[in-house]
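Structure file run06.txt; described as compact mmCIF, C-alpha atoms.
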```
# COMPACT_ATOMS: atom_id res chain seq x y z
CA MET A 162 0.00 0.00 0.00
CA LYS A 163 1.32 3.41 -0.99
CA LYS A 164 1.70 5.45 2.18
CA PHE A 165 1.54 9.14 3.02
CA LYS A 166 5.04 10.48 2.33
CA ARG A 167 5.03 14.10 3.48
CA ALA A 168 7.52 14.68 6.30
CA TYR A 169 6.54 16.55 9.47
CA GLN A 170 9.06 19.38 8.96
CA ASP A 171 7.80 19.95 5.43
CA ILE A 172 4.21 20.26 6.60
CA ILE A 173 4.56 22.71 9.49
CA THR A 174 6.38 25.51 7.64
CA VAL A 175 5.41 29.17 8.11
CA ASP A 176 4.54 29.35 4.39
CA ASN A 177 2.12 26.45 4.78
CA LEU A 178 0.59 28.04 7.87
CA LEU A 179 0.13 31.30 5.98
CA HIS A 180 -1.52 29.44 3.10
CA ALA A 181 -3.79 27.64 5.58
CA TRP A 182 -4.74 31.04 7.01
CA GLU A 183 -5.78 32.24 3.55
CA GLN A 184 -7.97 29.14 3.22
CA PHE A 185 -9.44 29.65 6.68
CA LEU A 186 -10.25 33.37 6.39
CA PRO A 187 -13.07 33.63 3.78
CA GLY A 188 -16.42 34.31 5.44
CA LYS A 189 -14.86 34.91 8.86
CA LYS A 190 -13.19 38.33 8.51
CA LYS A 191 -15.74 40.17 10.67
CA ARG A 192 -15.65 37.78 13.61
CA THR A 193 -14.10 39.18 16.75
CA ASP A 194 -11.75 36.28 17.49
CA VAL A 195 -10.54 36.23 13.88
CA ILE A 196 -9.91 40.00 13.89
CA GLU A 197 -7.91 39.69 17.11
CA PHE A 198 -5.81 36.87 15.66
CA GLN A 199 -5.21 38.77 12.42
CA ASN A 200 -4.09 41.90 14.27
CA ARG A 201 -1.02 39.94 15.37
CA LEU A 202 -1.02 37.51 12.46
CA MET A 203 2.69 36.99 11.89
CA ASN A 204 3.45 36.84 15.61
CA ASN A 205 0.70 34.26 16.04
CA LEU A 206 1.92 32.23 13.06
CA PHE A 207 5.52 32.22 14.32
CA ASP A 208 4.35 31.26 17.84
CA LEU A 209 2.35 28.34 16.43
CA HIS A 210 5.24 27.34 14.17
CA ARG A 211 7.66 27.37 17.11
CA ALA A 212 5.34 25.19 19.19
CA LEU A 213 5.07 22.69 16.34
CA VAL A 214 8.84 22.65 15.71
CA GLU A 215 9.59 22.19 19.40
CA LYS A 216 6.70 19.70 19.69
CA THR A 217 5.19 21.64 22.59
CA PHE A 218 1.87 22.35 20.88
CA ILE A 219 -1.16 21.75 23.10
CA HIS A 220 -4.65 21.94 21.65
CA GLY A 221 -6.90 24.41 23.47
CA ALA A 222 -10.34 23.91 24.92
CA TYR A 223 -13.50 23.90 22.85
CA HIS A 224 -16.43 26.31 23.06
CA ALA A 225 -19.69 24.34 23.01
CA PHE A 226 -23.00 25.62 21.66
CA ASN A 227 -26.18 24.18 20.17
CA ILE A 228 -27.74 24.67 16.74
CA SER A 229 -30.83 23.32 14.98
CA ASP A 230 -29.82 22.10 11.53
CA PRO A 231 -32.69 21.08 11.37
CA LYS A 232 -32.44 18.77 14.37
CA PRO A 233 -30.56 19.87 17.51
CA ARG A 234 -26.80 19.44 17.26
CA ASN A 235 -24.05 20.12 19.76
CA ILE A 236 -21.18 22.00 18.12
CA HIS A 237 -17.70 22.29 19.65
CA LYS A 238 -15.67 25.18 18.29
CA ALA A 239 -11.88 25.36 18.68
CA THR A 240 -9.85 28.56 19.01
CA VAL A 241 -8.71 30.38 15.87
CA ARG A 242 -5.15 29.14 16.37
CA ASP A 243 -6.30 25.54 16.60
CA ARG A 244 -8.70 25.85 13.67
CA LEU A 245 -5.83 27.22 11.60
CA LEU A 246 -3.84 24.07 12.36
CA HIS A 247 -6.86 21.91 11.47
CA HIS A 248 -6.99 23.64 8.07
CA LEU A 249 -3.30 22.93 7.53
CA ILE A 250 -3.66 19.27 8.45
CA HIS A 251 -6.76 18.88 6.30
CA SER A 252 -5.08 20.41 3.24
CA GLU A 253 -2.05 18.15 3.67
CA LEU A 254 -3.94 14.89 4.18
CA TYR A 255 -6.97 15.33 1.95
CA GLY A 256 -5.33 14.53 -1.41
CA TYR A 257 -3.70 11.36 -0.14
CA PHE A 258 -6.78 9.92 1.58
CA ASP A 259 -9.32 11.04 -0.99
CA GLN A 260 -7.80 8.74 -3.60
CA LYS A 261 -8.14 5.85 -1.15
CA PHE A 262 -11.89 6.32 -0.81
CA ILE A 263 -14.42 4.46 -2.92
CA TYR A 264 -16.06 6.34 -5.78
CA ASP A 265 -19.49 6.26 -4.16
CA SER A 266 -18.61 8.08 -0.94
CA TYR A 267 -20.05 11.58 -1.29
CA SER A 268 -19.77 13.53 1.95
CA CYS A 269 -17.23 16.39 2.29
CA ARG A 270 -15.34 15.54 -0.88
CA ILE A 271 -14.36 17.78 -3.77
CA GLU A 272 -16.65 17.33 -6.81
CA LYS A 273 -19.02 15.10 -4.81
CA GLY A 274 -21.76 16.33 -2.46
CA THR A 275 -25.50 15.77 -2.14
CA HIS A 276 -26.50 16.61 -5.72
CA ARG A 277 -24.06 14.13 -7.25
CA ALA A 278 -25.12 11.55 -4.66
CA MET A 279 -28.79 11.99 -5.60
CA ASN A 280 -28.00 11.63 -9.30
CA ARG A 281 -25.98 8.51 -8.60
CA PHE A 282 -28.87 7.09 -6.59
CA ARG A 283 -31.18 7.69 -9.55
CA GLU A 284 -28.67 5.99 -11.86
CA PHE A 285 -28.45 2.97 -9.55
CA GLY A 286 -32.23 2.77 -9.44
CA ARG A 287 -32.48 2.67 -13.21
CA ILE A 288 -29.83 -0.02 -13.51
CA VAL A 289 -31.23 -2.31 -10.80
CA SER A 290 -34.82 -1.89 -12.03
CA LYS A 291 -33.80 -2.46 -15.66
CA ASN A 292 -35.20 0.94 -16.60
CA ASN A 293 -38.14 0.55 -14.24
CA THR A 294 -39.28 -2.79 -15.61
CA ARG A 295 -38.42 -4.77 -12.45
CA THR A 296 -38.80 -4.22 -8.73
CA CYS A 297 -35.87 -2.39 -7.14
CA TRP A 298 -35.45 -2.83 -3.39
CA VAL A 299 -33.55 -0.28 -1.31
CA LEU A 300 -31.96 -0.84 2.09
CA LYS A 301 -31.36 2.49 3.82
CA CYS A 302 -29.37 2.64 7.07
CA ASP A 303 -28.20 5.28 9.50
CA ILE A 304 -25.50 5.02 12.15
CA ARG A 305 -26.48 5.90 15.69
CA LYS A 306 -24.77 9.08 17.03
CA PHE A 307 -22.07 8.90 14.40
CA PHE A 308 -19.55 11.58 15.41
CA ALA A 309 -20.11 10.98 19.12
CA ASN A 310 -19.13 7.28 18.86
CA ILE A 311 -15.93 7.38 16.80
CA ASP A 312 -13.39 5.33 18.78
CA HIS A 313 -10.06 7.15 19.12
CA ASN A 314 -7.91 4.04 19.38
CA ILE A 315 -9.44 2.49 16.27
CA LEU A 316 -9.07 5.76 14.35
CA LYS A 317 -5.44 6.14 15.40
CA SER A 318 -4.75 2.55 14.38
CA ILE A 319 -6.21 3.23 10.93
CA LEU A 320 -4.09 6.39 10.57
CA GLY A 321 -1.04 4.40 11.61
CA LYS A 322 -1.52 2.03 8.68
CA HIS A 323 -1.14 4.94 6.27
CA ILE A 324 1.44 7.20 7.94
CA ASP A 325 5.00 6.21 8.90
CA ASP A 326 6.30 9.59 10.08
CA LYS A 327 6.01 9.41 13.87
CA ASP A 328 5.85 13.17 14.33
CA VAL A 329 2.96 13.51 11.87
CA LEU A 330 1.21 10.62 13.56
CA ASN A 331 1.77 12.06 17.04
CA LEU A 332 0.30 15.40 15.98
CA LEU A 333 -2.73 13.70 14.46
CA ASN A 334 -3.19 11.59 17.57
CA HIS A 335 -3.04 14.75 19.68
CA LEU A 336 -5.75 16.38 17.54
CA VAL A 337 -7.93 13.28 17.79
CA ASP A 338 -7.52 13.19 21.58
CA SER A 339 -8.27 16.93 21.93
CA PHE A 340 -11.95 16.07 22.29
CA SER A 341 -14.04 13.30 23.79
CA THR A 342 -17.80 12.94 23.94
CA PRO A 343 -18.96 14.08 27.41
CA GLY A 344 -19.17 11.09 29.69
CA LYS A 345 -16.97 8.92 27.49
CA LYS A 346 -13.22 8.44 27.39
CA ASP A 347 -11.32 8.36 24.08
CA VAL A 348 -14.53 8.40 22.05
CA GLY A 349 -16.03 11.02 19.75
CA LEU A 350 -15.04 13.76 17.32
CA PRO A 351 -16.30 17.35 17.46
CA LEU A 352 -18.73 18.48 14.77
CA GLY A 353 -16.99 21.87 14.61
CA ASN A 354 -13.57 20.73 13.33
CA LEU A 355 -12.70 20.70 9.63
CA THR A 356 -10.47 17.70 10.23
CA SER A 357 -13.42 15.78 11.71
CA GLN A 358 -15.05 15.67 8.27
CA LEU A 359 -11.98 14.00 6.82
CA LEU A 360 -11.35 11.75 9.81
CA VAL A 361 -14.85 10.26 9.79
CA ASN A 362 -14.44 9.48 6.08
CA ILE A 363 -11.13 7.76 6.86
CA TYR A 364 -12.86 5.85 9.65
CA MET A 365 -15.86 4.84 7.53
CA ASN A 366 -13.65 3.93 4.56
CA GLU A 367 -12.98 0.70 6.46
CA PHE A 368 -16.69 -0.07 6.17
CA ASP A 369 -16.86 1.11 2.55
CA GLN A 370 -14.02 -1.23 1.61
CA PHE A 371 -15.74 -4.09 3.45
CA MET A 372 -18.93 -3.46 1.48
CA LYS A 373 -17.19 -3.22 -1.89
CA ARG A 374 -14.30 -5.70 -1.54
CA THR A 375 -15.51 -8.31 0.94
CA ILE A 376 -19.26 -8.44 0.43
CA LYS A 377 -18.81 -7.07 -3.11
CA THR A 378 -21.98 -5.01 -3.03
CA GLU A 379 -22.26 -3.34 -6.41
CA TYR A 380 -24.94 -0.71 -5.82
CA TYR A 381 -23.81 0.75 -2.50
CA MET A 382 -23.29 4.42 -1.70
CA ARG A 383 -22.71 6.48 1.43
CA TYR A 384 -23.11 10.08 2.51
CA ALA A 385 -21.64 10.61 6.00
CA ASP A 386 -23.58 8.25 8.31
CA ASP A 387 -26.36 7.52 5.80
CA PHE A 388 -25.90 4.72 3.30
CA VAL A 389 -28.08 2.81 0.86
CA ILE A 390 -27.85 -0.47 -1.03
CA LEU A 391 -30.02 -1.21 -4.05
CA HIS A 392 -30.78 -4.75 -5.20
CA GLU A 393 -33.44 -6.72 -7.03
CA SER A 394 -33.84 -9.15 -4.12
CA ARG A 395 -35.48 -8.21 -0.84
CA GLU A 396 -34.12 -11.39 0.78
CA TYR A 397 -30.54 -10.48 -0.18
CA LEU A 398 -30.81 -7.08 1.48
CA SER A 399 -32.58 -8.45 4.52
CA GLU A 400 -29.83 -11.01 5.10
CA MET A 401 -27.18 -8.33 4.66
CA ILE A 402 -28.37 -6.34 7.68
CA SER A 403 -26.77 -8.74 10.17
CA ASN A 404 -23.44 -8.71 8.27
CA ILE A 405 -23.43 -4.92 8.24
CA SER A 406 -24.31 -4.66 11.90
CA GLU A 407 -21.71 -7.23 12.94
CA PHE A 408 -18.90 -5.49 11.02
CA LEU A 409 -19.77 -2.04 12.36
CA GLU A 410 -19.88 -3.25 15.95
CA SER A 411 -16.84 -5.54 15.88
CA HIS A 412 -14.49 -3.41 13.75
CA LEU A 413 -15.61 0.18 14.35
CA LYS A 414 -17.66 0.04 17.57
CA LEU A 415 -20.60 1.64 15.79
CA SER A 416 -24.21 0.52 15.64
CA LEU A 417 -27.11 0.95 13.25
CA HIS A 418 -29.92 3.24 14.34
CA PRO A 419 -32.89 0.84 14.72
CA ASP A 420 -35.46 3.57 14.05
CA LYS A 421 -33.77 4.67 10.82
CA LEU A 422 -33.41 1.34 9.07
CA PHE A 423 -35.73 0.93 6.10
CA LEU A 424 -36.15 -1.78 3.49
CA GLU A 425 -38.60 -0.67 0.82
CA THR A 426 -39.18 -0.56 -2.90
CA LEU A 427 -38.05 2.39 -4.97
CA VAL A 428 -41.56 2.79 -6.38
CA SER A 429 -42.90 3.39 -2.85
CA GLY A 430 -40.52 6.32 -2.36
CA VAL A 431 -37.14 6.35 -0.57
CA ASP A 432 -36.27 9.20 1.78
CA PHE A 433 -32.58 9.97 1.20
CA LEU A 434 -30.58 13.21 1.57
CA GLY A 435 -33.61 15.42 2.17
CA TRP A 436 -35.56 14.19 -0.86
CA VAL A 437 -38.06 11.38 -1.40
CA HIS A 438 -36.92 9.47 -4.47
CA PHE A 439 -39.23 7.67 -6.92
CA PRO A 440 -38.39 5.91 -10.21
CA HIS A 441 -39.20 8.91 -12.40
CA HIS A 442 -38.90 11.89 -10.06
CA ARG A 443 -37.99 13.10 -6.58
CA VAL A 444 -39.77 15.52 -4.26
CA LEU A 445 -38.55 17.49 -1.29
CA ARG A 446 -39.04 15.85 2.09
CA THR A 447 -42.00 17.41 3.94
CA ALA A 448 -39.92 18.60 6.90
CA THR A 449 -37.34 20.14 4.57
CA LYS A 450 -40.11 21.84 2.59
CA ARG A 451 -41.63 23.40 5.72
CA ARG A 452 -38.24 24.59 6.95
CA MET A 453 -37.45 26.15 3.57
CA LEU A 454 -40.74 28.07 3.39
CA ARG A 455 -40.31 29.24 6.98
CA ASN A 456 -36.78 30.49 6.29
CA VAL A 457 -37.91 32.28 3.13
CA ARG A 458 -40.77 33.98 4.99
CA ASN A 459 -38.43 35.10 7.77
CA SER A 460 -35.63 36.29 5.50
CA GLU A 461 -35.03 39.74 4.00
CA ASP A 462 -32.07 38.48 1.97
CA LEU A 463 -32.66 37.78 -1.72
CA ALA A 464 -29.71 35.35 -1.65
CA THR A 465 -31.71 33.09 0.68
CA PHE A 466 -34.46 32.73 -1.89
CA TYR A 467 -32.04 32.12 -4.75
CA SER A 468 -30.15 29.46 -2.78
CA TYR A 469 -33.37 27.52 -2.20
CA GLU A 470 -34.42 28.03 -5.81
CA GLY A 471 -31.11 26.45 -6.87
CA MET A 472 -31.69 23.51 -4.53
CA LEU A 473 -35.21 22.91 -5.85
CA ALA A 474 -33.90 22.81 -9.41
CA HIS A 475 -32.46 19.38 -8.59
CA GLY A 476 -35.90 17.83 -8.19
CA ASN A 477 -39.55 18.24 -9.05
CA GLY A 478 -40.06 21.55 -7.29
CA PHE A 479 -41.69 23.91 -9.79
CA LYS A 480 -44.83 24.45 -7.70
CA LEU A 481 -42.73 24.84 -4.57
CA ILE A 482 -40.55 27.48 -6.26
CA ARG A 483 -43.69 29.46 -7.11
CA LYS A 484 -44.88 29.15 -3.50
CA ALA A 485 -41.49 30.31 -2.20
CA GLU A 486 -41.58 33.23 -4.64
CA SER A 487 -44.98 34.24 -3.29
CA SER A 488 -43.78 34.06 0.32
CA PHE A 489 -40.64 36.05 -0.40
CA SER A 490 -42.52 38.66 -2.45
CA LYS A 491 -44.80 39.38 0.52
CA VAL A 492 -41.78 39.84 2.79
CA PHE A 493 -40.01 41.97 0.21
CA ALA A 494 -43.06 44.22 -0.19
CA THR A 495 -43.40 44.63 3.58
CA VAL A 496 -39.76 45.63 4.05
CA PHE A 497 -39.49 48.00 1.13
```
As structure tokens, what does this structure read like?
Amino acid sequence: MKKFKRAYQDIITVDNLLHAWEQFLPGKKKRTDVIEFQNRLMNNLFDLHRALVEKTFIHGAYHAFNISDPKPRNIHKATVRDRLLHHLIHSELYGYFDQKFIYDSYSCRIEKGTHRAMNRFREFGRIVSKNNTRTCWVLKCDIRKFFANIDHNILKSILGKHIDDKDVLNLLNHLVDSFSTPGKKDVGLPLGNLTSQLLVNIYMNEFDQFMKRTIKTEYYMRYADDFVILHESREYLSEMISNISEFLESHLKLSLHPDKLFLETLVSGVDFLGWVHFPHHRVLRTATKRRMLRNVRNSEDLATFYSYEGMLAHGNGFKLIRKAESSFSKVFATVF
């Protein structure tokens, strides 16, 4: 296996830190903590560089807060200095690990995302159903408390298979251990870290490879902790549930969410990535639809409307676009 070759001293240079800062900055220039860091930018960069060179870097504490996106989520936000380092590490590791991932992993990857995942799902449906002439069964699964249950020791073991440089590995291990799910030791990754998005893909790549290489499931795809398998046989998918569950629990210490496991036909409609998918079309999930209309009604920003209009263009949303236009027009008229 070709391993990650970048040396520690070549990663932690001041030039690389400055480049990571340029990647980090967009959209954050008006935030107080970012302004304060930028006021002493070069001093802060040299201080961080020195700590990395001398191997005295210690990750700071996290600031916790809750959001609804749309369900309640607990976010843990690192300091600007630490987030800068996360950007550096992400930019260094992403290219190497991304080429290790299977094609049909779509979360937090360049030129992937939800829209490509939905199109791929539609393509799979057409293939399995022989252009909608046969029944296509879909097994949809969700992992229980995904980020909160990532096992640090397993993750560090996986990283160790790819990285020989001990200093790089030690720094990564330190970042992994900078957070644990409250009440648990050496378990969990924070939702607020850029590196967490990459690390969970590295973690779940073990499962992806199991599905593709061991079980040899042809029509399998994953987006974060949601994954689907399409097949012409209901029995085949039903029998696969125990194999999936056993691998997740024994190799990754993860478990399927029992309330989010569905085995249904494509023609009956499959709820995946915010849309309900049918053989010939897809419609926005009811909860997503209500949230969108509420946000449009409460917004005075034209960009909000256009962003939703762009999203709806990926499905059968013509009537919904007209409804959103009506809601936004009323708000616009009231404000102006």
Counting all atoms listed in the file, which residue out of A:Leu316, A:Lys377, A:Asp303, A:Leu332 sits closest to A:Asp420? A:Asp303
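Considering all atoms listed in the file, the residue among A:Asn331, A:Asn354, A:Ser341, A:Thr375 positioned nearest to A:Thr240 is A:Asn354.
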One decimal, Å: what's the distance from atom CA of A:Phe262 over to atom CA of A:Ile304, could you say? 18.8 Å
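Rounded to one decimal, atom CA of A:Lys291 and atom CA of A:Ile390 lie 15.9 Å from each other.
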Pull the neighbourhood of (7.7, 20.4, 10.6) for me: all residues within 12 Å in file coordinates, counting only C-alpha atoms, as a ChimeraX atom specification. /A:167-178,209-216,218,249-250,326-329,332
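In this comparison, which uses all atoms listed in the file, the residue of A:Val361, A:Met203, A:Leu355, A:Leu398 approaching A:Tyr384 most closely is A:Val361.
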Coordinates-based distance that separates atom CA of A:Thr356 from atom CA of A:Gln260 (Å, one decimal): 16.7 Å
Fewer than 6 positions away in the same chain doesn't count, so skip those; otherwise give me all residues within 12 Å of stretch 367-370 of chain A, counting all atoms listed in the file, as JSON, numbers by chain. {"A": [261, 262, 263, 264, 265, 266, 267, 304, 315, 316, 318, 319, 320, 322, 360, 361, 376, 377, 378, 379, 380, 381, 382, 383, 384, 385, 386, 387, 388, 389, 390, 404, 405, 406, 407, 408, 409, 410, 411, 412, 413, 414, 415]}
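If you count all atoms listed in the file and draw a sphere of 6 Å around (-16.9, 17.8, 24.1), the protein and nucleic acid residues inside it come out as Phe340, Ser341, Thr342 and Pro343 of chain A.
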From the options A:Arg287, A:His180, A:Lys189, A:Arg281, which residue's atoms come nearest to A:Val241, counting all atoms listed in the file? A:Lys189
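Using only C-alpha atoms, the protein and nucleic acid residues lying no more than 8 Å from stretch 424-440 of chain A, apart from those fewer than 5 places from it along its own chain, are A:Thr275, A:Met279, A:Arg283, A:Gly286, A:Arg287, A:Asn293, A:Thr296, A:Cys297, A:Trp298, A:Val299, A:Leu300, A:Lys301, A:Arg395, A:Leu398, A:Ser399, A:Leu445, A:Arg446, A:Thr449.
Each of A:Asn366, A:Ser290, A:Asp243, A:Gln184 was compared to A:Leu336 using all atoms listed in the file, and A:Asp243 turns out to be the nearest.
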Which one of A:Lys232, A:Arg192, A:Lys164, A:Lys317 sits closest to A:Leu254 if you count all atoms listed in the file? A:Lys164
Can you tell me, as JSON, the centre and edge lengths (Å, one decimal) of the axis-aligned box enclosing all of stretch 350-356 of chain A's listed atoms after padding each side by 8 Å?
```
{"center_x": -14.6, "center_y": 17.8, "center_z": 13.5, "size_x": 24.3, "size_y": 24.1, "size_z": 23.8}
```
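Residues within 12 Å of A:Asp194, counting only C-alpha atoms and excluding same-chain residues fewer than 2 positions away, are Leu186, Lys189, Lys190, Lys191, Arg192, Ile196, Glu197, Phe198, Gln199, Asn200, Arg201, Leu202, Lys238, Ala239, Thr240, Val241, Arg242 and Arg244 of chain A.
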Could I see stretch 274-284 of chain A restored to all heavy atoms, set down as a PDB file, in the coordinates of the input?
```pdb
ATOM      1  N   GLY A 274     -20.664  15.606  -3.047  1.00  0.00           N
ATOM      2  CA  GLY A 274     -21.760  16.330  -2.460  1.00  0.00           C
ATOM      3  C   GLY A 274     -23.121  15.698  -2.687  1.00  0.00           C
ATOM      4  O   GLY A 274     -23.272  14.668  -3.345  1.00  0.00           O
ATOM      5  N   THR A 275     -24.168  16.357  -2.154  1.00  0.00           N
ATOM      6  CA  THR A 275     -25.500  15.770  -2.140  1.00  0.00           C
ATOM      7  C   THR A 275     -26.096  15.653  -3.552  1.00  0.00           C
ATOM      8  O   THR A 275     -26.758  14.664  -3.864  1.00  0.00           O
ATOM      9  CB  THR A 275     -26.456  16.600  -1.270  1.00  0.00           C
ATOM     10  OG1 THR A 275     -26.437  17.971  -1.710  1.00  0.00           O
ATOM     11  CG2 THR A 275     -26.047  16.539   0.189  1.00  0.00           C
ATOM     12  N   HIS A 276     -25.882  16.653  -4.394  1.00  0.00           N
ATOM     13  CA  HIS A 276     -26.500  16.610  -5.720  1.00  0.00           C
ATOM     14  C   HIS A 276     -25.953  15.454  -6.557  1.00  0.00           C
ATOM     15  O   HIS A 276     -26.704  14.744  -7.236  1.00  0.00           O
ATOM     16  CB  HIS A 276     -26.295  17.944  -6.443  1.00  0.00           C
ATOM     17  CG  HIS A 276     -26.950  19.094  -5.745  1.00  0.00           C
ATOM     18  ND1 HIS A 276     -26.425  20.370  -5.731  1.00  0.00           N
ATOM     19  CD2 HIS A 276     -28.087  19.148  -5.000  1.00  0.00           C
ATOM     20  CE1 HIS A 276     -27.215  21.157  -5.029  1.00  0.00           C
ATOM     21  NE2 HIS A 276     -28.220  20.444  -4.577  1.00  0.00           N
ATOM     22  N   ARG A 277     -24.643  15.256  -6.519  1.00  0.00           N
ATOM     23  CA  ARG A 277     -24.060  14.130  -7.250  1.00  0.00           C
ATOM     24  C   ARG A 277     -24.511  12.796  -6.637  1.00  0.00           C
ATOM     25  O   ARG A 277     -24.711  11.810  -7.359  1.00  0.00           O
ATOM     26  CB  ARG A 277     -22.537  14.229  -7.249  1.00  0.00           C
ATOM     27  CG  ARG A 277     -22.016  15.360  -8.141  1.00  0.00           C
ATOM     28  CD  ARG A 277     -20.500  15.421  -8.117  1.00  0.00           C
ATOM     29  NE  ARG A 277     -20.006  16.531  -8.917  1.00  0.00           N
ATOM     30  CZ  ARG A 277     -19.677  16.465 -10.201  1.00  0.00           C
ATOM     31  NH1 ARG A 277     -19.794  15.318 -10.841  1.00  0.00           N
ATOM     32  NH2 ARG A 277     -19.237  17.531 -10.849  1.00  0.00           N
ATOM     33  N   ALA A 278     -24.658  12.780  -5.312  1.00  0.00           N
ATOM     34  CA  ALA A 278     -25.120  11.550  -4.660  1.00  0.00           C
ATOM     35  C   ALA A 278     -26.552  11.224  -5.094  1.00  0.00           C
ATOM     36  O   ALA A 278     -26.879  10.057  -5.367  1.00  0.00           O
ATOM     37  CB  ALA A 278     -25.059  11.714  -3.140  1.00  0.00           C
ATOM     38  N   MET A 279     -27.405  12.230  -5.184  1.00  0.00           N
ATOM     39  CA  MET A 279     -28.790  11.990  -5.600  1.00  0.00           C
ATOM     40  C   MET A 279     -28.851  11.507  -7.054  1.00  0.00           C
ATOM     41  O   MET A 279     -29.637  10.619  -7.387  1.00  0.00           O
ATOM     42  CB  MET A 279     -29.615  13.262  -5.437  1.00  0.00           C
ATOM     43  CG  MET A 279     -29.847  13.639  -3.977  1.00  0.00           C
ATOM     44  SD  MET A 279     -31.097  14.932  -3.782  1.00  0.00           S
ATOM     45  CE  MET A 279     -30.388  16.274  -4.723  1.00  0.00           C
ATOM     46  N   ASN A 280     -28.019  12.077  -7.900  1.00  0.00           N
ATOM     47  CA  ASN A 280     -28.000  11.630  -9.300  1.00  0.00           C
ATOM     48  C   ASN A 280     -27.486  10.205  -9.425  1.00  0.00           C
ATOM     49  O   ASN A 280     -27.967   9.425 -10.254  1.00  0.00           O
ATOM     50  CB  ASN A 280     -27.149  12.581 -10.143  1.00  0.00           C
ATOM     51  CG  ASN A 280     -27.809  13.939 -10.325  1.00  0.00           C
ATOM     52  OD1 ASN A 280     -29.024  14.071 -10.193  1.00  0.00           O
ATOM     53  ND2 ASN A 280     -27.012  14.954 -10.612  1.00  0.00           N
ATOM     54  N   ARG A 281     -26.512   9.877  -8.593  1.00  0.00           N
ATOM     55  CA  ARG A 281     -25.980   8.510  -8.600  1.00  0.00           C
ATOM     56  C   ARG A 281     -27.039   7.516  -8.107  1.00  0.00           C
ATOM     57  O   ARG A 281     -27.172   6.416  -8.644  1.00  0.00           O
ATOM     58  CB  ARG A 281     -24.731   8.447  -7.726  1.00  0.00           C
ATOM     59  CG  ARG A 281     -24.015   7.115  -7.723  1.00  0.00           C
ATOM     60  CD  ARG A 281     -23.403   6.776  -9.065  1.00  0.00           C
ATOM     61  NE  ARG A 281     -22.359   5.757  -8.920  1.00  0.00           N
ATOM     62  CZ  ARG A 281     -21.792   5.143  -9.921  1.00  0.00           C
ATOM     63  NH1 ARG A 281     -22.145   5.434 -11.173  1.00  0.00           N
ATOM     64  NH2 ARG A 281     -20.846   4.244  -9.709  1.00  0.00           N
ATOM     65  N   PHE A 282     -27.790   7.929  -7.098  1.00  0.00           N
ATOM     66  CA  PHE A 282     -28.870   7.090  -6.590  1.00  0.00           C
ATOM     67  C   PHE A 282     -29.888   6.825  -7.701  1.00  0.00           C
ATOM     68  O   PHE A 282     -30.354   5.688  -7.883  1.00  0.00           O
ATOM     69  CB  PHE A 282     -29.545   7.772  -5.399  1.00  0.00           C
ATOM     70  CG  PHE A 282     -30.680   6.988  -4.805  1.00  0.00           C
ATOM     71  CD1 PHE A 282     -30.452   6.051  -3.812  1.00  0.00           C
ATOM     72  CD2 PHE A 282     -31.979   7.182  -5.246  1.00  0.00           C
ATOM     73  CE1 PHE A 282     -31.494   5.315  -3.270  1.00  0.00           C
ATOM     74  CE2 PHE A 282     -33.032   6.454  -4.706  1.00  0.00           C
ATOM     75  CZ  PHE A 282     -32.786   5.529  -3.717  1.00  0.00           C
ATOM     76  N   ARG A 283     -30.239   7.858  -8.446  1.00  0.00           N
ATOM     77  CA  ARG A 283     -31.180   7.690  -9.550  1.00  0.00           C
ATOM     78  C   ARG A 283     -30.618   6.743 -10.614  1.00  0.00           C
ATOM     79  O   ARG A 283     -31.329   5.880 -11.142  1.00  0.00           O
ATOM     80  CB  ARG A 283     -31.490   9.054 -10.178  1.00  0.00           C
ATOM     81  CG  ARG A 283     -32.468   8.993 -11.355  1.00  0.00           C
ATOM     82  CD  ARG A 283     -32.862  10.392 -11.782  1.00  0.00           C
ATOM     83  NE  ARG A 283     -31.692  11.187 -12.140  1.00  0.00           N
ATOM     84  CZ  ARG A 283     -31.728  12.505 -12.331  1.00  0.00           C
ATOM     85  NH1 ARG A 283     -32.874  13.166 -12.182  1.00  0.00           N
ATOM     86  NH2 ARG A 283     -30.626  13.156 -12.661  1.00  0.00           N
ATOM     87  N   GLU A 284     -29.317   6.870 -10.888  1.00  0.00           N
ATOM     88  CA  GLU A 284     -28.670   5.990 -11.860  1.00  0.00           C
ATOM     89  C   GLU A 284     -28.709   4.537 -11.388  1.00  0.00           C
ATOM     90  O   GLU A 284     -29.032   3.626 -12.165  1.00  0.00           O
ATOM     91  CB  GLU A 284     -27.216   6.429 -12.077  1.00  0.00           C
ATOM     92  CG  GLU A 284     -26.428   5.567 -13.029  1.00  0.00           C
ATOM     93  CD  GLU A 284     -24.959   5.965 -13.108  1.00  0.00           C
ATOM     94  OE1 GLU A 284     -24.600   7.058 -12.619  1.00  0.00           O
ATOM     95  OE2 GLU A 284     -24.171   5.164 -13.643  1.00  0.00           O
TER      96      GLU A 284
END
```
